[in-house]
Each structure stands twice: as structure tokens, then as C-alpha cells.
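Before any comments, here is the structure.
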Amino acid sequence: MKKLLIILLFFSACSITDLSPESQKWIASVYNQGWYWPLKDNQDKPSGHLVPFQSDGSFVGEFTPWTDKSGNSRLDMPIQYNTKYILDEVNEDSTHAYYRFTYRFNGENLTLYQGVFHGYLNTTKEPGIFWASLINRIDPPDPGNNADIRAWLLGTYAKDNFGTEGSSLGLKKSSRSTTVENNTPNDSNAPTSDNTSGTMKN
């Protein structure tokens, strides 16, 4: 049992040290940095709930494949709760990353992607982490066309379909100096412009 534990610890250590410098910097910019989910009714304000970033850069959140103009999702593509977003790729200056995740559709686990980046709020200029918006956001095929919907999901949530604007994922509390998790963001949190824009590696 002790030998098995040592082997597991060895592989864990290898996986951390084998990360690229860009990935290590990205992880440092999200893990234990005090990022809070935004309020549901005000995306410019942080809630009281920390985004649960892990030491490998991953986190758990929701995934909504599609909503109409009224904010409604479809029954055949429901919101998936407790989705684990796994760090997949980071760009050269560690400001943008791609996360992969599994979405259950029609009995199949599909591997999809989501862009995430560091930027500033357009309103207050406060730093934040943002979900990257889709470049081509076309309506999915009609319900019942499972093969077409599957292709739509894989094509829509692909690495090359994320832009440089987005909506809030994690924000800082205003009182940043009282606790470790509320510290002022370090250099690895530095956004790339005065809004939510930047350059994503494809």
C-alpha cells in the first residue's frame, strides 16, 4: 500500500512539474487568488461564492449549450451542472486558456472546449476572468436531428470558435487587503487591454 502511495505521489509531482511555463503561470493566476462568481443579476459585481479553482487549474461550474433570446434552454440540450472544466492549452503570455469538458448528449460523452481569459470589466475597469464568447453563434438544428445537433455541438464548442470578448467568470472582492484570497491580483492576472479583449492562440 505504501509503495502504491509513493508511485501515485511521484506521478502527481511529474504532472505538475511537466507543465509548460505558460500553464504554470495561468494556474498561479487562478488558484488561490480569490476569484468570485459574479452575481446572477449583475455580472459586474462579485458574489460571495469563490470559483473553485484547483491546483491543476481546473474548476467545476455549469454549462449551458444554448439559450434563446428569452434565456430559455432546450430540453434536448439541457444545462449541465457540476461540469468539470480541465485546463487544456494556454497561450504564450498566459492571458488566455482553453478548457476541455465533457457534455452528455443523447447517451454519448462529447469532449467540448471553452475559452477563458483575463481582462478588465468595461464598466469599472476592474480585472476579472471571463468566459470567451463564441465567434459563430448560430442556432442549433431543430430538436430530433441528433446527428446534426451532435455536429453543431462539436463545431460550436471548438477551440477555433472563441473570440476576445466575453462575460464574467470570476471577479475580485473590493476589500482585497484583508485576507489571502482577497489579495490584489499579481502580474499573472494582468489583463491584455482596457476592456475584455486580447489575443487567443488558435
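Residues in the C-alpha cells are named by chain (A, B, ... in the order shown) and by number from 1 within that chain; ligands are numbered from 1 in the order shown.
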- Near Ser47 of chain A, within 12 Å and counting only C-alpha atoms, which residues show up once chain neighbours fewer than 4 positions away are dropped, as a ChimeraX atom specification? /A:34-43,51,168-174
- Could you give me, as a list in words, the residues within 12 Å of Ser58 of chain A, counting only C-alpha atoms and dropping anything in the same chain fewer than 3 positions from it? Ser23, Trp26, Ile27, Ala28, Val30, Tyr31, Val51, Pro52, Phe53, Gln54, Ser55, Gly61, Thr83, Lys84, Tyr85, Ile86, Leu87, Asp88, Glu89, Ala97, Tyr98, Tyr99, Arg100, Phe101 and Val116 of chain A
- Task: Go through segment 78-156 of chain A and collect every residue that DSSP, computed from the backbone, puts in helix (DSSP H, G or I); the answer should be as a count of residues only.
- Result: 11
- Message: Just checking: using only C-alpha atoms, which residue out of A:Asp56, A:Asp148, A:Asp139, A:Asp44 ends up closest to Ser73 of chain A?
- Response: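 With only C-alpha atoms as the atom set, the closest residue is A:Asp139.
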- Given the choices A:Asn82, A:Ser70, A:Ser94, A:Thr64, which gets closest to Glu22 of chain A if the distance is worked out from only C-alpha atoms?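 That would be A:Ser94, the residue with the smallest distance to Glu22 of chain A.
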- Message: Considering only strand (DSSP E) as DSSP defines it on the backbone, what residues of segment 36-67 of chain A qualify? List them as an MDAnalysis selection string.
- Response: chainID A and resid 36:39 42:50 59:63
- Neighbours of Leu134 of chain A within 6 Å (only C-alpha atoms; same-chain residues fewer than 5 positions away dropped), as a PyMOL selection string? chain A and resi 161-163
- Residue nearest Thr164 of chain A - candidates A:Tyr81, A:Tyr113, A:Trp131, A:Tyr103, atoms counted: only C-alpha atoms: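 Selected residue with least distance to Thr164 of chain A: A:Trp131.
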- Do you know which residues are at most 12 Å from Ile135 of chain A counting only C-alpha atoms, after dropping those on the same chain fewer than 2 positions away, and could you put them as a VMD selection string? chain A and resid 114 to 115 132 to 133 137 to 138 155 to 166
- Message: What's the separation between atom CA of Asn32 of chain A and atom CA of Thr111 of chain A, in Å to one decimal place?
- Response: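 Distance between the two atoms: 27.0 Å.
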- Message: With distances taken over only C-alpha atoms, which residue among A:Gly71, A:Gly57, A:Ala151, A:Ser29 lies nearest His118 of chain A?
- Response: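 Closest to His118 of chain A, using only C-alpha atoms: A:Ser29.
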- Item | Selected residue, from A:Thr123, A:Asn136, A:Asn146, A:Asn72, that lies nearest to Lys45 of chain A when counting only C-alpha atoms | A:Thr123
- Query: Separation of atom CA of Leu154 of chain A and atom CA of Ile79 of chain A, in Å?
  - Reply: 16.2 Å
